[in-house]
Amino acid sequence: MQPETFYYDNKIVRNFGIATVIWGIIGMTVGLIIAIQLYSPGMNMHSQYTTFGRIRPLHTNAVIFAFVGNAIFMGVYYSLQRLLKASMFSDVLSNINLGGGNLLLYRR
């Protein structure tokens, strides 16, 4: 008797992992800039667009929604396939979820 073999779509998991790392770097870099500005308010690069009040929402949204959201979807796509012992229904729909979610986050 042959053991059953399953195909898992790990490409979408990797893509969500890459998006998680990219959004993590962006969000935490903005958080570092904010922390520097709290220490020294003159470090806003002499621009009205980089003041604490303007970039704090960017940091919050990037870390909460983009970084954590992509990490959650990565975990869901990884564990769901293994719990159900089945690959995802459609690679196209998985990529729409990846691209559409990150595109909406980018447009905020």
# chains A, B, ... in the order shown; residues from 1 in each chain; ligands from 1

call {"tool": "residues_around", "arguments": {"residues": "Ser87 of chain A", "least_positions_apart": "4", "cutoff": "7 Å", "atoms": "only C-alpha atoms", "output": "list in words"}}
result
Tyr7, Tyr8, Asp9 and Gln81 of chain A

call {"tool": "residues_around", "arguments": {"residues": "Ser40 of chain A", "least_positions_apart": "6", "cutoff": "12 Å", "atoms": "only C-alpha atoms", "output": "VMD selection string"}}
result
chain A and resid 33 to 34 51 to 52

call {"tool": "closest_residue", "arguments": {"among": "A:Thr29, A:Asn10, A:Ser79, A:Ser90", "to": "Arg56 of chain A", "atoms": "only C-alpha atoms"}}
result
A:Thr29

call {"tool": "atom_distance", "arguments": {"atom1": "atom CA of Lys85 of chain A", "atom2": "atom CA of Glu4 of chain A"}}
result
10.0 Å

call {"tool": "select_by_dssp", "arguments": {"residues": "chain A", "states": "helix (DSSP H, G or I)", "output": "PyMOL selection string"}}
result
chain A and resi 10-39+41-43+48-50+52-84+91-106

call {"tool": "residues_around", "arguments": {"residues": "Asn97 of chain A", "least_positions_apart": "5", "cutoff": "12 Å", "atoms": "only C-alpha atoms", "output": "mmCIF file with N, CA, C and O atoms, in the first residue's frame"}}
result
data_model
loop_
_atom_site.group_PDB
_atom_site.id
_atom_site.type_symbol
_atom_site.label_atom_id
_atom_site.label_comp_id
_atom_site.auth_asym_id
_atom_site.auth_seq_id
_atom_site.Cartn_x
_atom_site.Cartn_y
_atom_site.Cartn_z
ATOM 1 N N ILE A 12 2.373 30.675 -2.367
ATOM 2 C CA ILE A 12 1.575 31.774 -1.822
ATOM 3 C C ILE A 12 1.987 32.064 -0.381
ATOM 4 O O ILE A 12 1.999 33.216 0.042
ATOM 5 N N VAL A 13 2.370 31.037 0.358
ATOM 6 C CA VAL A 13 2.855 31.238 1.731
ATOM 7 C C VAL A 13 4.150 32.049 1.705
ATOM 8 O O VAL A 13 4.319 32.992 2.481
ATOM 9 N N ASN A 15 5.109 34.112 -0.689
ATOM 10 C CA ASN A 15 4.798 35.475 -1.127
ATOM 11 C C ASN A 15 4.219 36.315 0.013
ATOM 12 O O ASN A 15 4.551 37.494 0.139
ATOM 13 N N PHE A 16 3.350 35.722 0.822
ATOM 14 C CA PHE A 16 2.847 36.452 1.992
ATOM 15 C C PHE A 16 3.976 36.713 2.989
ATOM 16 O O PHE A 16 3.996 37.750 3.654
ATOM 17 N N GLY A 69 -1.376 41.735 9.368
ATOM 18 C CA GLY A 69 -2.362 41.134 8.466
ATOM 19 C C GLY A 69 -1.743 40.131 7.515
ATOM 20 O O GLY A 69 -2.283 39.032 7.306
ATOM 21 N N ASN A 70 -0.612 40.471 6.916
ATOM 22 C CA ASN A 70 0.070 39.529 6.029
ATOM 23 C C ASN A 70 0.589 38.315 6.792
ATOM 24 O O ASN A 70 0.565 37.195 6.278
ATOM 25 N N PHE A 73 -2.421 36.009 7.340
ATOM 26 C CA PHE A 73 -2.766 35.281 6.116
ATOM 27 C C PHE A 73 -1.717 34.232 5.775
ATOM 28 O O PHE A 73 -2.046 33.152 5.283
ATOM 29 N N MET A 74 -0.450 34.521 6.019
ATOM 30 C CA MET A 74 0.598 33.532 5.783
ATOM 31 C C MET A 74 0.362 32.299 6.649
ATOM 32 O O MET A 74 0.432 31.165 6.173
ATOM 33 N N TYR A 77 -2.823 30.386 5.309
ATOM 34 C CA TYR A 77 -2.557 29.619 4.091
ATOM 35 C C TYR A 77 -1.658 28.421 4.365
ATOM 36 O O TYR A 77 -1.786 27.387 3.726
ATOM 37 N N SER A 90 -7.656 27.628 -5.883
ATOM 38 C CA SER A 90 -7.220 28.354 -7.066
ATOM 39 C C SER A 90 -6.034 29.240 -6.724
ATOM 40 O O SER A 90 -6.088 30.043 -5.791
ATOM 41 N N ASP A 91 -4.966 29.097 -7.512
ATOM 42 C CA ASP A 91 -3.810 29.973 -7.328
ATOM 43 C C ASP A 91 -4.152 31.412 -7.691
ATOM 44 O O ASP A 91 -3.626 32.352 -7.097
ATOM 45 N N VAL A 92 -5.035 31.589 -8.665
ATOM 46 C CA VAL A 92 -5.442 32.933 -9.079
ATOM 47 C C VAL A 92 -6.142 33.651 -7.932
ATOM 48 O O VAL A 92 -5.849 34.821 -7.635
ATOM 49 N N ASN A 102 -2.748 43.909 -0.384
ATOM 50 C CA ASN A 102 -1.599 44.810 -0.268
ATOM 51 C C ASN A 102 -1.798 46.080 -1.073
ATOM 52 O O ASN A 102 -1.299 47.128 -0.701
ATOM 53 N N LEU A 103 -2.540 46.007 -2.169
ATOM 54 C CA LEU A 103 -2.820 47.208 -2.943
ATOM 55 C C LEU A 103 -3.735 48.141 -2.143
ATOM 56 O O LEU A 103 -3.513 49.348 -2.118
ATOM 57 N N LEU A 104 -4.717 47.580 -1.462
ATOM 58 C CA LEU A 104 -5.596 48.412 -0.625
ATOM 59 C C LEU A 104 -4.832 49.027 0.524
ATOM 60 O O LEU A 104 -5.070 50.167 0.906
#

call {"tool": "residues_around", "arguments": {"residues": "Met28 of chain A", "least_positions_apart": "6", "cutoff": "9 Å", "atoms": "only C-alpha atoms", "output": "number ranges by chain"}}
result
A: 59, 62-63

call {"tool": "write_last_selection", "arguments": {"atoms": "C-alpha atoms", "output": "CSV table (one decimal), in the first residue's frame"}}
result
chain,number,residue,atom,x,y,z
A,59,HIS,CA,3.4,53.7,11.2
A,62,ALA,CA,1.7,49.7,8.4
A,63,VAL,CA,2.4,47.7,11.5
